[in-house]
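Worksheet for the structure shown next.
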Amino acid sequence: MTKANDGAATLPSLLSELADREVLHTRSLRHGTDRAALSRVGDRVWSLAEAQPDQHTQSITLHWSTYPNLLEYDFRVFILATLDSPYPPALGRFTGIDQASVSTVSNWFKRLRVFATWLRHRGIDRLYEVNDRDLDLYLDHVRSIQASTGTRRQLFSAVRAVWAYAPYLPPECRMPVAEPWQGRSPGELAEDIQTGRGNKTARIAVDTMIPLLDWALRIVEDIGPDVRDAWREFRQLYTGTHPGQARFAELPRTERMNLFLRDAHRTGVALPGDPENPGAIDYKYLACLLGLPVLSNSLGLGPRSIAEASGIPVAGDFFIGSVTGQVDGRPWRDKPITASELPELVWVVTAACFVIVSYLSGMRPGENEAELHPMQHSAGSK
């Protein structure tokens with residue numbers, strides 16, 4: 001990096017005091033950034049790439065040697081304020097953002113270079129010398145140049161940003177105007193009402209997205225298979241297509257019950273219980289196990305009496321499936337899934353799938369490496 005004292009004019013006192021401070025000291029940085037390599041306020045070149053969330057885009061670098069020397073101080077102070085300070089409500093274009101993005105700052109830097117050069121040609125060396133008459137002349141100048149309406153809008157927007165950040169600037173770096181161009185919007189001034197094709201959706205903070213995506217993946221990969229298998233088994237039992245129901249085919253209800261109870265004695269299987277009535281058999285699900293219609297009265301009084309007199313223990317619920325998935329080396333739960341909670345668990349897995357698919361299909365291209373990599377680093381097992 002080339003420092004400010006390497007062949008450049010001496011910085012005014014404010015920037016001299018901040019010369020060794022990081023330019024991006026208030027910004028979230030990419031994972032793995034070496035803070036010792038960050039640009040400092042006193043550098044002639046400021047790299048903002050370390051704060052770019054989209055790594056697929058061209059790295060942002062601000063070269064101060066491209067600004068008129070006498071106006072460089074004022075615009076340096078302004079750009080530093082945009083990196084440090086909240087997004088001004090006076091700009092009012094976006095809502096729900098805390099600070100201007102580094103790409104927006106870069107665009108202001110580029111467009112204000114035109115404004116600074118025009119001021120210098122008019123003999124204006126400080127922003128506090130700019131008045132409404134000057135802005136009107138600059139309006140005529142921008143309208144006269146060969147540029148698209150979008151570029152003209154950006155040129156006006158950049159000047160408006162300098163005015164909007166006035167509360168964060170020292171007095172000598174402010175334009176003493178009530179509001180540029182009597183409050184007319186940049187789009188109106190440039191006769192351009194387009195808002196651009198960029199993604200203006202507020203970006204979900206990395207500190208929120210990483211754990212959310214991490215746990216969505218854990219649910220789908222570690223817990224999801226158990227929920228899926230339990231749901232498939234439940235649907236088979238409910239519709240009479242479960243392989244275990246085949247042995248009851250064509251048998252009367254009493255014989256089905258006796259066969260089931262003999263197998264239960266041998267294997268240690270408990271009867272399905274009613275969670276709202278501890279100790280009571282849930283005949284609806286017992287009928288389901290026997291391949292009968294899923295109705296509480298489908299068994300009949302005789303088979304019910306046989307079940308109650310069998311001495312086979314009654315479970316606290318109707319447990320279905322098995323627990324094979326683990327989280328951090330331990331089973332994700334200590335008992336099988338119950339039929340009553342199965343629909344809710346299906347919705348949990350569905351929501352996790354929705355988070356993953358929505359994020360991976362709707363992300364900006366550069367978010368893949370910028371956000372998934374920190375998640376992989378923190379998740380450990382992922």
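Each chain in the structure tokens gets a letter, A, B and so on, in the order shown; residues start at 1 in every chain, and ligands are counted from 1 in the order they appear.
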
Quick one: residues within 9 Å of stretch 88-93 of chain A, only C-alpha atoms counted, chain neighbours fewer than 3 positions away excluded, as a JSON list (two decimals) with N, CA, C and O atoms, in the first residue's frame?
[["chain", "number", "residue", "atom", "x", "y", "z"],
["A", 85, "SER", "N", -20.84, 5.80, 8.93],
["A", 85, "SER", "CA", -22.07, 6.35, 9.50],
["A", 85, "SER", "C", -23.32, 5.63, 9.01],
["A", 85, "SER", "O", -23.29, 4.93, 8.00],
["A", 99, "GLN", "N", -26.32, 0.84, 6.72],
["A", 99, "GLN", "CA", -25.27, 1.62, 6.08],
["A", 99, "GLN", "C", -25.34, 1.43, 4.57],
["A", 99, "GLN", "O", -25.88, 0.43, 4.08],
["A", 100, "ALA", "N", -24.80, 2.39, 3.85],
["A", 100, "ALA", "CA", -24.69, 2.23, 2.41],
["A", 100, "ALA", "C", -23.76, 1.06, 2.11],
["A", 100, "ALA", "O", -22.76, 0.85, 2.80],
["A", 157, "SER", "N", -27.55, 11.73, -7.95],
["A", 157, "SER", "CA", -27.70, 11.02, -6.67],
["A", 157, "SER", "C", -26.46, 11.18, -5.80],
["A", 157, "SER", "O", -26.56, 11.32, -4.58],
["A", 160, "ARG", "N", -26.45, 14.53, -4.18],
["A", 160, "ARG", "CA", -27.46, 14.54, -3.12],
["A", 160, "ARG", "C", -26.96, 13.79, -1.89],
["A", 160, "ARG", "O", -27.27, 14.16, -0.75],
["A", 161, "ALA", "N", -26.18, 12.74, -2.10],
["A", 161, "ALA", "CA", -25.63, 11.99, -0.96],
["A", 161, "ALA", "C", -24.68, 12.86, -0.14],
["A", 161, "ALA", "O", -24.67, 12.79, 1.10],
["A", 163, "TRP", "N", -24.90, 16.02, 0.31],
["A", 163, "TRP", "CA", -25.78, 16.88, 1.12],
["A", 163, "TRP", "C", -26.40, 16.09, 2.27],
["A", 163, "TRP", "O", -26.46, 16.56, 3.41],
["A", 164, "ALA", "N", -26.85, 14.85, 2.00],
["A", 164, "ALA", "CA", -27.56, 14.07, 3.02],
["A", 164, "ALA", "C", -26.65, 13.67, 4.16],
["A", 164, "ALA", "O", -27.11, 13.51, 5.30],
["A", 165, "TYR", "N", -25.36, 13.48, 3.90],
["A", 165, "TYR", "CA", -24.42, 13.07, 4.95],
["A", 165, "TYR", "C", -23.87, 14.26, 5.74],
["A", 165, "TYR", "O", -22.98, 14.09, 6.58],
["A", 167, "PRO", "N", -24.80, 15.90, 8.36],
["A", 167, "PRO", "CA", -24.70, 15.78, 9.83],
["A", 167, "PRO", "C", -23.48, 15.00, 10.30],
["A", 167, "PRO", "O", -23.08, 15.13, 11.46]]

*Within 12 Å of stretch 131-141 of chain A, counting only C-alpha atoms, which residues show up once you throw out same-chain ones fewer than 4 positions away? Write them as a ChimeraX atom specification, please.*
/A:112,114-124,126-127,145-147,152-153,155-157,159-160,163,174-184,186,188-190

_as an NGL selection string, please: the residues near A:Asn297 (cut-off 10 Å, only C-alpha atoms, same-chain neighbours under 3 positions excluded)._
:A and (283-284 or 287 or 293-294 or 300-301 or 304)

Pull C-alpha atoms from the residues just selected and write them as a PDB file, in the first residue's frame.
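Result saved to out17.pdb:
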ATOM      1  CA  TYR A 283     -58.107 -48.640  19.861  1.00  0.00           C
ATOM      2  CA  LYS A 284     -57.979 -46.432  16.789  1.00  0.00           C
ATOM      3  CA  ALA A 287     -57.090 -51.329  14.709  1.00  0.00           C
ATOM      4  CA  PRO A 293     -60.348 -49.367   9.285  1.00  0.00           C
ATOM      5  CA  VAL A 294     -58.878 -46.573  11.424  1.00  0.00           C
ATOM      6  CA  GLY A 300     -65.590 -54.685  18.367  1.00  0.00           C
ATOM      7  CA  LEU A 301     -66.138 -55.429  22.046  1.00  0.00           C
ATOM      8  CA  ARG A 304     -61.163 -55.121  22.956  1.00  0.00           C
TER       9      ARG A 304
END

*Pick out the closest residue to A:Leu259 from this set: A:Ile60, A:Leu217, A:Ala51, A:Ile306. Count only C-alpha atoms.*
A:Ile306

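Shortest atom-to-atom contact with A:Asp84 among A:Arg27, A:Arg247, A:Arg228, A:Arg21: A:Arg27, counting only C-alpha atoms.
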
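Here atom CA of A:Ile281 is placed at a distance of 21.1 Å from atom CA of A:Ser322.
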
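Distances to A:Pro243 were evaluated for A:Asp226, A:Leu289, A:Pro53, A:Leu212 using only C-alpha atoms, and the minimum falls at A:Leu289.
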
*If we count only C-alpha atoms, what is near A:Ser28 at a cut-off of 10 Å, once residues fewer than 3 positions away on the same chain are taken out, given as a list in words?*
Leu24, His25, His31, Glu50, Ala51, Gln52, Pro53, Ala205 and Val206 of chain A

Please save N, CA, C and O atoms of the selected residues as a short mmCIF file (atom, residue, chain, number, x, y, z; two decimals), in the first residue's frame.
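The resulting out.cif:
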data_model
loop_
_atom_site.label_atom_id
_atom_site.label_comp_id
_atom_site.auth_asym_id
_atom_site.auth_seq_id
_atom_site.Cartn_x
_atom_site.Cartn_y
_atom_site.Cartn_z
N LEU A 24 -12.11 0.38 6.91
CA LEU A 24 -13.30 -0.48 7.07
C LEU A 24 -13.52 -0.90 8.51
O LEU A 24 -14.11 -1.96 8.77
N HIS A 25 -13.12 -0.08 9.46
CA HIS A 25 -13.14 -0.54 10.85
C HIS A 25 -14.54 -0.75 11.41
O HIS A 25 -14.73 -1.46 12.39
N HIS A 31 -14.89 -13.64 5.69
CA HIS A 31 -14.25 -14.63 6.55
C HIS A 31 -12.79 -14.80 6.13
O HIS A 31 -12.46 -14.93 4.96
N GLU A 50 -12.52 -6.18 0.92
CA GLU A 50 -12.68 -7.05 2.10
C GLU A 50 -14.08 -6.96 2.70
O GLU A 50 -14.46 -7.83 3.50
N ALA A 51 -14.83 -5.93 2.36
CA ALA A 51 -16.20 -5.77 2.87
C ALA A 51 -17.24 -6.06 1.80
O ALA A 51 -18.43 -5.84 2.03
N GLN A 52 -16.81 -6.55 0.64
CA GLN A 52 -17.76 -6.91 -0.42
C GLN A 52 -18.35 -8.28 -0.12
O GLN A 52 -17.61 -9.27 -0.03
N PRO A 53 -19.67 -8.39 0.06
CA PRO A 53 -20.25 -9.70 0.31
C PRO A 53 -20.27 -10.61 -0.91
O PRO A 53 -20.28 -11.82 -0.78
N ALA A 205 -28.41 -10.85 7.41
CA ALA A 205 -27.09 -10.76 8.03
C ALA A 205 -26.44 -12.14 8.11
O ALA A 205 -27.11 -13.15 8.38
N VAL A 206 -25.13 -12.18 7.88
CA VAL A 206 -24.40 -13.46 7.91
C VAL A 206 -24.55 -14.12 9.28
O VAL A 206 -24.70 -15.34 9.38
#

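The residues of stretch 267-340 of chain A that DSSP assigns to alpha helix (DSSP H) on this backbone come out as Thr267, Tyr283, Lys284, Tyr285, Leu286, Ala287, Cys288, Leu289, Leu301, Gly302, Pro303, Arg304, Ser305, Ile306, Ala307 and Glu308 of chain A.
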
Output for the residues just chosen: all heavy atoms as a compact mmCIF listing (two decimals), in the first residue's frame:
# COMPACT_ATOMS: atom_id res chain seq x y z
N THR A 267 -42.26 -60.58 21.23
CA THR A 267 -41.30 -59.53 20.87
C THR A 267 -41.21 -58.40 21.88
O THR A 267 -40.32 -57.56 21.79
CB THR A 267 -41.69 -58.93 19.50
OG1 THR A 267 -43.01 -58.36 19.58
CG2 THR A 267 -41.66 -59.99 18.41
N TYR A 283 -57.58 -47.61 20.76
CA TYR A 283 -58.11 -48.64 19.86
C TYR A 283 -58.07 -48.21 18.40
O TYR A 283 -58.07 -49.06 17.49
CB TYR A 283 -59.53 -49.00 20.27
CG TYR A 283 -59.58 -49.71 21.60
CD1 TYR A 283 -60.00 -49.06 22.76
CD2 TYR A 283 -59.17 -51.04 21.70
CE1 TYR A 283 -60.02 -49.72 23.98
CE2 TYR A 283 -59.19 -51.71 22.92
CZ TYR A 283 -59.62 -51.04 24.06
OH TYR A 283 -59.62 -51.69 25.26
N LYS A 284 -58.05 -46.92 18.18
CA LYS A 284 -57.98 -46.43 16.79
C LYS A 284 -56.69 -46.92 16.14
O LYS A 284 -56.71 -47.47 15.03
CB LYS A 284 -58.05 -44.89 16.79
CG LYS A 284 -57.86 -44.28 15.42
CD LYS A 284 -58.09 -42.79 15.45
CE LYS A 284 -56.90 -42.03 16.04
NZ LYS A 284 -56.92 -41.89 17.49
N TYR A 285 -55.56 -46.74 16.85
CA TYR A 285 -54.29 -47.15 16.28
C TYR A 285 -54.06 -48.65 16.41
O TYR A 285 -53.33 -49.24 15.59
CB TYR A 285 -53.16 -46.37 16.94
CG TYR A 285 -53.12 -44.92 16.51
CD1 TYR A 285 -53.11 -43.90 17.45
CD2 TYR A 285 -53.12 -44.58 15.16
CE1 TYR A 285 -53.09 -42.56 17.05
CE2 TYR A 285 -53.10 -43.26 14.75
CZ TYR A 285 -53.09 -42.25 15.70
OH TYR A 285 -53.08 -40.95 15.30
N LEU A 286 -54.67 -49.28 17.39
CA LEU A 286 -54.57 -50.74 17.48
C LEU A 286 -55.25 -51.38 16.28
O LEU A 286 -54.75 -52.34 15.68
CB LEU A 286 -55.19 -51.23 18.79
CG LEU A 286 -55.12 -52.74 19.03
CD1 LEU A 286 -53.69 -53.26 18.93
CD2 LEU A 286 -55.73 -53.10 20.40
N ALA A 287 -56.42 -50.85 15.92
CA ALA A 287 -57.09 -51.33 14.71
C ALA A 287 -56.23 -51.11 13.48
O ALA A 287 -56.17 -51.95 12.57
CB ALA A 287 -58.43 -50.61 14.55
N CYS A 288 -55.53 -50.00 13.45
CA CYS A 288 -54.65 -49.68 12.34
C CYS A 288 -53.56 -50.75 12.21
O CYS A 288 -53.26 -51.21 11.10
CB CYS A 288 -54.04 -48.30 12.56
SG CYS A 288 -52.94 -47.74 11.26
N LEU A 289 -52.99 -51.16 13.34
CA LEU A 289 -51.94 -52.19 13.32
C LEU A 289 -52.48 -53.53 12.82
O LEU A 289 -51.73 -54.32 12.23
CB LEU A 289 -51.35 -52.35 14.72
CG LEU A 289 -50.52 -51.17 15.24
CD1 LEU A 289 -50.18 -51.37 16.72
CD2 LEU A 289 -49.24 -51.00 14.42
N LEU A 301 -66.31 -55.26 20.60
CA LEU A 301 -66.14 -55.43 22.05
C LEU A 301 -65.32 -56.66 22.40
O LEU A 301 -64.53 -56.65 23.34
CB LEU A 301 -67.52 -55.50 22.71
CG LEU A 301 -68.35 -54.21 22.62
CD1 LEU A 301 -69.72 -54.44 23.27
CD2 LEU A 301 -67.63 -53.06 23.31
N GLY A 302 -65.49 -57.75 21.64
CA GLY A 302 -64.76 -58.98 21.96
C GLY A 302 -63.25 -58.80 21.89
O GLY A 302 -62.53 -59.05 22.86
N PRO A 303 -62.72 -58.36 20.74
CA PRO A 303 -61.28 -58.13 20.64
C PRO A 303 -60.77 -57.09 21.65
O PRO A 303 -59.66 -57.22 22.15
CB PRO A 303 -61.11 -57.65 19.20
CG PRO A 303 -62.24 -58.28 18.46
CD PRO A 303 -63.39 -58.26 19.43
N ARG A 304 -61.58 -56.11 21.95
CA ARG A 304 -61.16 -55.12 22.96
C ARG A 304 -60.94 -55.80 24.30
O ARG A 304 -59.95 -55.54 24.99
CB ARG A 304 -62.22 -54.03 23.09
CG ARG A 304 -62.29 -53.06 21.94
CD ARG A 304 -63.12 -51.86 22.34
NE ARG A 304 -63.34 -50.95 21.23
CZ ARG A 304 -63.77 -49.71 21.37
NH1 ARG A 304 -64.03 -49.25 22.58
NH2 ARG A 304 -63.93 -48.93 20.32
N SER A 305 -61.88 -56.63 24.69
CA SER A 305 -61.77 -57.32 25.98
C SER A 305 -60.53 -58.20 26.01
O SER A 305 -59.84 -58.29 27.03
CB SER A 305 -63.03 -58.16 26.23
OG SER A 305 -64.18 -57.34 26.27
N ILE A 306 -60.26 -58.86 24.88
CA ILE A 306 -59.07 -59.72 24.82
C ILE A 306 -57.80 -58.89 25.02
O ILE A 306 -56.89 -59.29 25.75
CB ILE A 306 -59.02 -60.45 23.47
CG1 ILE A 306 -60.21 -61.41 23.33
CG2 ILE A 306 -57.72 -61.21 23.32
CD1 ILE A 306 -60.32 -62.04 21.96
N ALA A 307 -57.75 -57.72 24.39
CA ALA A 307 -56.58 -56.86 24.52
C ALA A 307 -56.40 -56.38 25.95
O ALA A 307 -55.29 -56.37 26.50
CB ALA A 307 -56.70 -55.67 23.57
N GLU A 308 -57.50 -55.98 26.58
CA GLU A 308 -57.41 -55.46 27.94
C GLU A 308 -57.02 -56.54 28.94
O GLU A 308 -56.38 -56.24 29.96
CB GLU A 308 -58.75 -54.84 28.33
CG GLU A 308 -59.07 -53.58 27.53
CD GLU A 308 -60.49 -53.10 27.76
OE1 GLU A 308 -61.23 -53.78 28.50
OE2 GLU A 308 -60.87 -52.06 27.17

*Within 12 Å of A:Gly311, counting only C-alpha atoms, which residues qualify if same-chain residues fewer than 2 places away don't, as a PyMOL selection string?*
chain A and resi 261-262+264-265+268-271+279+281+305-309+313-314

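Residues surrounding A:Ala19 within 7 Å are Arg40, Val41 and Gly42 of chain A [only C-alpha atoms; sequence separation below 6 positions excluded].
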
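Between atom CA of A:Glu22 and atom CA of A:Asp98 there is a distance of 19.5 Å.
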